[in-house]
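Have a look at model_4.pdb below; it lists PDB, C-alpha atoms.
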ATOM      1  CA  MET A   5       0.000   0.000   0.000  1.00  0.00           C
ATOM      2  CA  VAL A   6       1.281   3.454  -0.923  1.00  0.00           C
ATOM      3  CA  LEU A   7       0.264   6.787   0.587  1.00  0.00           C
ATOM      4  CA  LEU A   8       0.552   9.938  -1.532  1.00  0.00           C
ATOM      5  CA  ALA A   9       0.396  13.179   0.449  1.00  0.00           C
ATOM      6  CA  ASP A  10       1.274  16.841   0.127  1.00  0.00           C
ATOM      7  CA  ARG A  11       3.676  18.966   2.163  1.00  0.00           C
ATOM      8  CA  ALA A  12       1.221  19.490   5.016  1.00  0.00           C
ATOM      9  CA  TYR A  13       1.904  15.934   6.218  1.00  0.00           C
ATOM     10  CA  ASP A  14       5.691  16.122   5.962  1.00  0.00           C
ATOM     11  CA  SER A  15       6.928  15.287   9.448  1.00  0.00           C
ATOM     12  CA  ARG A  16       9.162  12.624  10.912  1.00  0.00           C
ATOM     13  CA  ARG A  17       6.329  11.423  13.163  1.00  0.00           C
ATOM     14  CA  HIS A  18       3.946  10.800  10.260  1.00  0.00           C
ATOM     15  CA  ARG A  19       6.609   9.010   8.268  1.00  0.00           C
ATOM     16  CA  GLN A  20       7.567   6.739  11.188  1.00  0.00           C
ATOM     17  CA  ILE A  21       3.979   5.767  12.004  1.00  0.00           C
ATOM     18  CA  LEU A  22       3.215   4.898   8.387  1.00  0.00           C
ATOM     19  CA  THR A  23       6.450   2.966   7.925  1.00  0.00           C
ATOM     20  CA  ARG A  24       5.748   0.907  11.064  1.00  0.00           C
ATOM     21  CA  ARG A  25       2.377  -0.057   9.603  1.00  0.00           C
ATOM     22  CA  GLY A  26       4.026  -1.228   6.387  1.00  0.00           C
ATOM     23  CA  ILE A  27       2.782   1.649   4.241  1.00  0.00           C
ATOM     24  CA  ILE A  28       5.123   3.039   1.597  1.00  0.00           C
ATOM     25  CA  VAL A  29       5.314   6.802   2.065  1.00  0.00           C
ATOM     26  CA  CYS A  30       5.411   9.261  -0.827  1.00  0.00           C
ATOM     27  CA  ILE A  31       5.116  12.655   0.863  1.00  0.00           C
ATOM     28  CA  ALA A  32       6.447  15.815  -0.746  1.00  0.00           C
ATOM     29  CA  ARG A  33       9.209  17.387   1.339  1.00  0.00           C
ATOM     30  CA  ARG A  34       8.844  20.912   2.676  1.00  0.00           C
ATOM     31  CA  GLY A  35      11.092  23.497   1.097  1.00  0.00           C
ATOM     32  CA  THR A  36      11.459  21.639  -2.213  1.00  0.00           C
ATOM     33  CA  THR A  37      10.268  22.747  -5.622  1.00  0.00           C
ATOM     34  CA  ASN A  38       6.912  21.638  -7.011  1.00  0.00           C
ATOM     35  CA  GLY A  39       8.415  19.132  -9.436  1.00  0.00           C
ATOM     36  CA  SER A  40       7.634  16.084  -7.282  1.00  0.00           C
ATOM     37  CA  GLY A  41       4.884  14.861  -9.628  1.00  0.00           C
ATOM     38  CA  LEU A  42       2.415  14.066  -6.846  1.00  0.00           C
ATOM     39  CA  GLY A  43      -0.268  16.186  -8.523  1.00  0.00           C
ATOM     40  CA  ARG A  44      -0.609  13.685 -11.344  1.00  0.00           C
ATOM     41  CA  TYR A  45      -2.010  11.106  -8.958  1.00  0.00           C
ATOM     42  CA  ARG A  46      -4.095  13.414  -6.743  1.00  0.00           C
ATOM     43  CA  TRP A  47      -5.933  15.219  -9.529  1.00  0.00           C
ATOM     44  CA  PRO A  48      -8.288  12.328 -10.482  1.00  0.00           C
ATOM     45  CA  VAL A  49      -9.326  11.965  -6.834  1.00  0.00           C
ATOM     46  CA  GLU A  50     -10.048  15.683  -6.494  1.00  0.00           C
ATOM     47  CA  GLN A  51     -11.953  15.644  -9.788  1.00  0.00           C
ATOM     48  CA  THR A  52     -14.102  12.733  -8.620  1.00  0.00           C
ATOM     49  CA  ILE A  53     -14.928  14.512  -5.366  1.00  0.00           C
ATOM     50  CA  ALA A  54     -15.857  17.625  -7.358  1.00  0.00           C
ATOM     51  CA  LEU A  55     -18.125  15.517  -9.578  1.00  0.00           C
ATOM     52  CA  LEU A  56     -19.849  14.084  -6.508  1.00  0.00           C
ATOM     53  CA  HIS A  57     -20.390  17.576  -5.121  1.00  0.00           C
ATOM     54  CA  ARG A  58     -22.300  18.534  -8.267  1.00  0.00           C
ATOM     55  CA  TYR A  59     -25.165  16.535  -6.789  1.00  0.00           C
ATOM     56  CA  ARG A  60     -26.760  18.947  -4.332  1.00  0.00           C
ATOM     57  CA  ARG A  61     -27.937  16.365  -1.829  1.00  0.00           C
ATOM     58  CA  LEU A  62     -24.361  15.137  -1.454  1.00  0.00           C
ATOM     59  CA  ALA A  63     -22.724  18.564  -1.219  1.00  0.00           C
ATOM     60  CA  ILE A  64     -24.910  19.410   1.769  1.00  0.00           C
ATOM     61  CA  CYS A  65     -25.922  16.336   3.708  1.00  0.00           C
ATOM     62  CA  TYR A  66     -29.701  16.535   4.159  1.00  0.00           C
ATOM     63  CA  GLU A  67     -30.149  12.871   5.008  1.00  0.00           C
ATOM     64  CA  ARG A  68     -30.889  11.711   8.541  1.00  0.00           C
ATOM     65  CA  THR A  69     -29.367   8.263   8.285  1.00  0.00           C
ATOM     66  CA  SER A  70     -25.956   7.225   7.040  1.00  0.00           C
ATOM     67  CA  GLN A  71     -27.505   4.393   5.003  1.00  0.00           C
ATOM     68  CA  THR A  72     -29.464   6.875   2.877  1.00  0.00           C
ATOM     69  CA  HIS A  73     -26.384   9.037   2.343  1.00  0.00           C
ATOM     70  CA  THR A  74     -24.307   5.977   1.393  1.00  0.00           C
ATOM     71  CA  ALA A  75     -26.978   4.896  -1.087  1.00  0.00           C
ATOM     72  CA  LEU A  76     -27.020   8.359  -2.686  1.00  0.00           C
ATOM     73  CA  VAL A  77     -23.210   8.342  -2.983  1.00  0.00           C
ATOM     74  CA  ALA A  78     -23.381   4.935  -4.677  1.00  0.00           C
ATOM     75  CA  LEU A  79     -26.082   6.175  -7.046  1.00  0.00           C
ATOM     76  CA  ALA A  80     -24.047   9.287  -7.896  1.00  0.00           C
ATOM     77  CA  CYS A  81     -20.979   7.110  -8.589  1.00  0.00           C
ATOM     78  CA  CYS A  82     -23.065   4.926 -10.910  1.00  0.00           C
ATOM     79  CA  LEU A  83     -24.334   7.975 -12.791  1.00  0.00           C
ATOM     80  CA  ILE A  84     -20.826   9.418 -13.121  1.00  0.00           C
ATOM     81  CA  CYS A  85     -19.466   6.117 -14.480  1.00  0.00           C
ATOM     82  CA  TYR A  86     -22.433   5.744 -16.851  1.00  0.00           C
ATOM     83  CA  ARG A  87     -21.813   9.192 -18.305  1.00  0.00           C
ATOM     84  CA  ARG A  88     -18.012   8.834 -18.539  1.00  0.00           C
ATOM     85  CA  LEU A  89     -17.470   5.260 -19.725  1.00  0.00           C
ATOM     86  CA  PRO A  90     -18.155   4.293 -23.337  1.00  0.00           C
ATOM     87  CA  PHE A  91     -20.685   1.497 -23.757  1.00  0.00           C
ATOM     88  CA  CYS A  92     -21.100  -0.726 -26.809  1.00  0.00           C
TER      89      CYS A  92
END
Give the structure from this file in structure tokens form.
Amino acid sequence: MVLLADRAYDSRRHRQILTRRGIIVCIARRGTTNGSGLGRYRWPVEQTIALLHRYRRLAICYERTSQTHTALVALACCLICYRRLPFC
């Protein structure tokens, strides 16, 4: 398992805890230039979250139960995949 993180999580403590748990750490170092390439892997995640927030009921949680909210997230993911993936 690999963890990609930005400079906000760059500390010896974070790195040690993750290494002890067997997680490979890829955290950008503070004070370095922006050429680390971590943005290539984070951008799809941020785009997916932005797509989910286009659905108003998910951007502001109106639901009383977590099961209803989870079902709406699953439905939104299905709609996003249906619109993005080519079907024969």
Neighbour list for Arg61 (chain A) as JSON, numbers by chain, cut-off 12 Å, only C-alpha atoms, skip fewer than 5 positions in-chain
{"A": [56, 66, 67, 68, 72, 73, 74, 75, 76, 77, 79, 80]}
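Here, the PyMOL selection byres ((chain A and resi 32) around 9) matches Leu8, Ala9, Asp10, Arg11, Ala12, Tyr13, Asp14, Cys30, Ile31, Arg33, Arg34, Thr36, Asn38, Ser40 and Leu42 of chain A.
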For a quick check of understanding, using all atoms listed in the file, which of A:Ser15, A:Thr23, A:Thr69, A:Thr52 has the smallest distance to Cys81 (chain A)?
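Smallest distance to Cys81 (chain A) is found for A:Thr52.
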Using Å and a single decimal, report how far CA of Pro48 (chain A) sits from CA of Gln20 (chain A).
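Interatomic distance here is 27.4 Å.
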Mind pulling up the distance from CA of Leu62 (chain A) to CA of Leu83 (chain A)?
13.4 Å
The PyMOL selection byres ((chain A and resi 6) around 9) on the file shown: which residues, as a list in words?
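Evaluating the PyMOL selection byres ((chain A and resi 6) around 9) on this file yields Met5, Leu7, Leu8, Ile27, Ile28, Val29 and Cys30 of chain A.
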